[in-house]
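Heads up, the thing below is written out as structure tokens.
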There are 4 protein chains.
Amino acid sequence: MQQTGSVTPMSKEMQDCVQACLSCHATCEETMSSCMQMGGQAQMQIMRTLMDCSEMTRMCADMMMRRSPMSAEMCALCARACDMCAEACMSMPDDPHMMRCAEACRRCADMCRSMAAAMA
Amino acid sequence: MQQTGSVTPMSKEMQDCVQACLSCHATCEETMSSCMQMGGQAQMQIMRTLMDCSEMTRMCADMMMRRSPMSAEMCALCARACDMCAEACMSMPDDPHMMRCAEACRRCADMCRSMAAAMA
Amino acid sequence: MQQTGSVTPMSKEMQDCVQACLSCHATCEETMSSCMQMGGQAQMQIMRTLMDCSEMTRMCADMMMRRSPMSAEMCALCARACDMCAEACMSMPDDPHMMRCAEACRRCADMCRSMAAAMA
Amino acid sequence: MQQTGSVTPMSKEMQDCVQACLSCHATCEETMSSCMQMGGQAQMQIMRTLMDCSEMTRMCADMMMRRSPMSAEMCALCARACDMCAEACMSMPDDPHMMRCAEACRRCADMCRSMAAAMA
């Protein structure tokens with residue numbers, strides 16, 4: 001009877017990491033919208049890293065949620081994408097949207113790195 | 001000076017709809033993992049609707065977050081995917097995972113339908 | 001013995017539609033790259049429709065490839081996204097990249113509309 | 001005037017790698033459909049690697065197409081996902097669908113590895 005849809009429970013650390021990824025993903029999507037509304041040259045450079053970071057965080061969260069055997073490697077790569085995006089956002093320190101995004105990226109990078117280490 | 005990354009703020013209704021989509025997406029990914037662990041014929045039929053629902057809810061949330069002009073139409077289609085997935089999950093009423101997923105799908109379907117109507 | 005991984009074969013029309021979607025998706029991704037390199041205000045407006053069209057065409061192709069029961073509805077929505085993207089690209093008639101993208105979008109819109117009608 | 005949407009042209013190697021990724025992605029989506037139609041325990045184990053491989057190859061192709069600075073790292077991880085998927089498919093040597101998928105995965109893994117090395 002216990003066979004009804006049991007699935008390995010997620011550790012508290014992994015749950016937090018999934019949340020950090022989803023939150024970073026949401027912030028990236030919002031920041032893209034802001035970039036497209038402004039439309040400057042600087043914004044466009046940042047768009048590239050936002051697109052990468054948005055996709056990586058989403059995919060990383062999805063892989064943890066479905067218990068992919070590649071989760072650890074994905075977390076490591078995701079942390080790198082977040083680092084790059086945080087750095088790009090920091091190039092516009094007067095823009096509160098960019099600062100919020102940089103913060104979400106840094107937090108996600110830290111958690112993904114810890115998660116990758118814990119799973120390795 | 002107000003040009004620093006301003007972006008149309010999201011209504012409370014849209015925020016709730018985004019949250020319902022992300023929550024439904026997460027539940028679908030977890031339920032897929034459960035299905036794959038069990039591996040029966042019935043589970044496989046449900047996998048199809050889970051995959052559609054998981055992708056639709058994610059894309060619907062992303063489109064609202066980046067203020068896509070197609071958000072209303074996407075919400076309407078997303079509600080349909082959620083309806084189908086809820087119905088599929090209801091075919092296994094003894095599985096608590098499936099019941100949780102059906103509930104998340106129904107809630108998301110309701111909110112997406114309201115959102116589509118409000119935006120139309 | 002014939003049970004080894006049989007899958008409903010795809011009609012020639014659906015195969016062509018999948019190809020048109022994938023080709024449109026690729027062109028959108030390339031055009032986004034071009035937009036981000038240029039970074040003007042007009043380009044940014046087009047980015048929104050490119051992002052929608054890129055995601056819709058990809059998802060539409062995926063759904064046909066995995067025989068989703070929602071393929072017809074997705075094709076109909078995808079055709080709309082392609083229409084909007086073609087129109088946006090046409091606003092920059094001097095840019096060969098945009099013209100190529102508009103053409104791919106129009107072709108994909110036509111095929112998706114036919115496909116949606118055929119499946120309905 | 002030459003500023004009209006120029007974009008760094010893609011090397012022949014990268015074009016081939018993008019094609020191999022898209023082709024592997026398509027094969028994975030078709031194989032998933034076959035797995036879900038059959039619905040055995042073995043098929044379900046393979047579904048996990050198919051889902052990872054399908055998403056990785058798609059994202060890898062997208063990143064190359066939009067000239068992401070993380071393309072090299074993504075190619076390296078994608079090659080790993082393809083390796084794992086090829087190995088999983090090889091566990092059902094009597095299934096022609098699985099054998100076709102394993103072949104597409106191996107080819108994609110090789111090209112992604114070369115690409116990663118060339119870009120590093």
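In the structure tokens, chains take letters A, B, ... by order of appearance, with residues numbered from 1 within each chain and ligands from 1 in the order shown.
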Cα-based least-squares overlay of chain C on chain A, as a short mmCIF file (atom, residue, chain, number, x, y, z; two decimals) with C-alpha atoms, in the first residue's frame:
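Contents of part.cif, as written:
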```
data_model
loop_
_atom_site.label_atom_id
_atom_site.label_comp_id
_atom_site.auth_asym_id
_atom_site.auth_seq_id
_atom_site.Cartn_x
_atom_site.Cartn_y
_atom_site.Cartn_z
CA MET C 1 -0.03 -0.29 -0.29
CA GLN C 2 2.81 2.04 0.51
CA GLN C 3 3.66 1.93 -3.19
CA THR C 4 1.24 4.77 -3.93
CA GLY C 5 3.37 7.43 -5.50
CA SER C 6 6.13 7.55 -2.94
CA VAL C 7 9.02 9.75 -3.95
CA THR C 8 12.33 10.34 -2.20
CA PRO C 9 11.65 13.32 0.07
CA MET C 10 13.66 16.46 -0.52
CA SER C 11 16.15 17.63 2.07
CA LYS C 12 15.60 21.04 3.63
CA GLU C 13 18.77 22.25 1.86
CA MET C 14 17.50 21.16 -1.51
CA GLN C 15 14.11 22.74 -0.91
CA ASP C 16 15.81 26.03 -0.10
CA CYS C 17 17.98 25.73 -3.18
CA VAL C 18 14.93 25.12 -5.38
CA GLN C 19 13.27 28.19 -3.87
CA ALA C 20 16.38 30.31 -4.44
CA CYS C 21 16.46 29.17 -8.09
CA LEU C 22 12.79 29.92 -8.68
CA SER C 23 13.11 33.28 -7.01
CA CYS C 24 16.18 34.16 -9.07
CA HIS C 25 14.39 33.00 -12.22
CA ALA C 26 11.41 35.24 -11.47
CA THR C 27 13.65 38.23 -10.81
CA CYS C 28 15.52 37.66 -14.07
CA GLU C 29 12.26 37.56 -16.04
CA GLU C 30 11.13 40.82 -14.44
CA THR C 31 14.50 42.44 -15.05
CA MET C 32 14.38 41.42 -18.71
CA SER C 33 11.05 43.19 -18.95
CA SER C 34 12.63 46.29 -17.42
CA CYS C 35 15.58 46.11 -19.84
CA MET C 36 13.29 45.83 -22.84
CA GLN C 37 11.25 48.82 -21.67
CA MET C 38 14.40 50.95 -21.38
CA GLY C 39 16.17 49.63 -24.45
CA GLY C 40 19.67 51.10 -24.09
CA GLN C 41 22.94 49.63 -25.26
CA ALA C 42 24.02 48.72 -21.73
CA GLN C 43 20.71 46.99 -21.06
CA MET C 44 21.13 44.84 -24.13
CA GLN C 45 24.48 43.55 -22.97
CA ILE C 46 22.86 42.57 -19.70
CA MET C 47 19.98 40.84 -21.51
CA ARG C 48 22.32 38.06 -22.64
CA THR C 49 23.33 37.13 -19.13
CA LEU C 50 19.75 37.52 -17.91
CA MET C 51 18.52 35.07 -20.54
CA ASP C 52 21.18 32.51 -19.63
CA CYS C 53 20.58 32.92 -15.91
CA SER C 54 16.80 32.75 -16.26
CA GLU C 55 16.96 29.48 -18.21
CA MET C 56 19.66 27.92 -16.04
CA THR C 57 17.89 28.61 -12.75
CA ARG C 58 14.60 27.29 -14.09
CA MET C 59 16.18 24.13 -15.44
CA CYS C 60 18.20 23.62 -12.27
CA ALA C 61 15.06 23.86 -10.12
CA ASP C 62 13.18 21.48 -12.43
CA MET C 63 15.97 18.94 -12.28
CA MET C 64 16.11 18.96 -8.49
CA MET C 65 12.33 18.71 -8.31
CA ARG C 66 12.30 15.63 -10.51
CA ARG C 67 15.36 14.13 -8.78
CA SER C 68 17.60 14.18 -11.83
CA PRO C 69 20.90 12.29 -11.44
CA MET C 70 22.59 15.32 -13.04
CA SER C 71 21.39 17.78 -10.38
CA ALA C 72 24.83 18.28 -8.85
CA GLU C 73 26.49 19.16 -12.14
CA MET C 74 23.60 21.41 -13.07
CA CYS C 75 23.84 23.25 -9.75
CA ALA C 76 27.52 23.91 -10.39
CA LEU C 77 26.86 25.36 -13.84
CA CYS C 78 23.86 27.31 -12.58
CA ALA C 79 26.05 28.96 -9.93
CA ARG C 80 28.36 30.15 -12.71
CA ALA C 81 25.47 31.64 -14.69
CA CYS C 82 24.26 33.43 -11.55
CA ASP C 83 27.75 34.82 -10.89
CA MET C 84 27.98 36.24 -14.40
CA CYS C 85 24.50 37.73 -14.21
CA ALA C 86 25.16 39.33 -10.83
CA GLU C 87 28.32 40.89 -12.18
CA ALA C 88 26.51 42.23 -15.26
CA CYS C 89 23.73 43.73 -13.13
CA MET C 90 26.30 45.39 -10.86
CA SER C 91 27.42 47.47 -13.85
CA MET C 92 24.27 49.57 -13.34
CA PRO C 93 24.42 50.35 -9.61
CA ASP C 94 21.89 53.21 -9.88
CA ASP C 95 19.12 50.97 -11.11
CA PRO C 96 17.20 49.44 -8.17
CA HIS C 97 15.84 46.68 -10.41
CA MET C 98 19.35 45.62 -11.35
CA MET C 99 20.50 45.71 -7.73
CA ARG C 100 17.61 43.50 -6.67
CA CYS C 101 18.45 41.08 -9.46
CA ALA C 102 22.15 41.02 -8.53
CA GLU C 103 21.18 40.15 -4.98
CA ALA C 104 18.89 37.29 -6.03
CA CYS C 105 21.65 35.98 -8.32
CA ARG C 106 24.28 36.06 -5.60
CA ARG C 107 22.05 34.26 -3.16
CA CYS C 108 21.18 31.61 -5.72
CA ALA C 109 24.85 31.18 -6.69
CA ASP C 110 25.80 30.55 -3.05
CA MET C 111 23.06 28.01 -2.50
CA CYS C 112 23.73 26.19 -5.75
CA ARG C 113 27.41 25.96 -4.94
CA SER C 114 26.69 24.50 -1.51
CA MET C 115 24.17 22.11 -3.01
CA ALA C 116 26.61 20.93 -5.68
CA ALA C 117 29.23 20.30 -3.00
CA ALA C 118 26.76 18.45 -0.76
CA MET C 119 25.63 16.19 -3.59
CA ALA C 120 29.08 15.46 -5.01
#
```
Next on the checklist: Residues of segment 22-107 of chain D classed as alpha helix (DSSP H) by DSSP on the backbone are to be reported as an MDAnalysis selection string.
Outcome noted: chainID D and resid 22:38 41:65 71:89 96:107
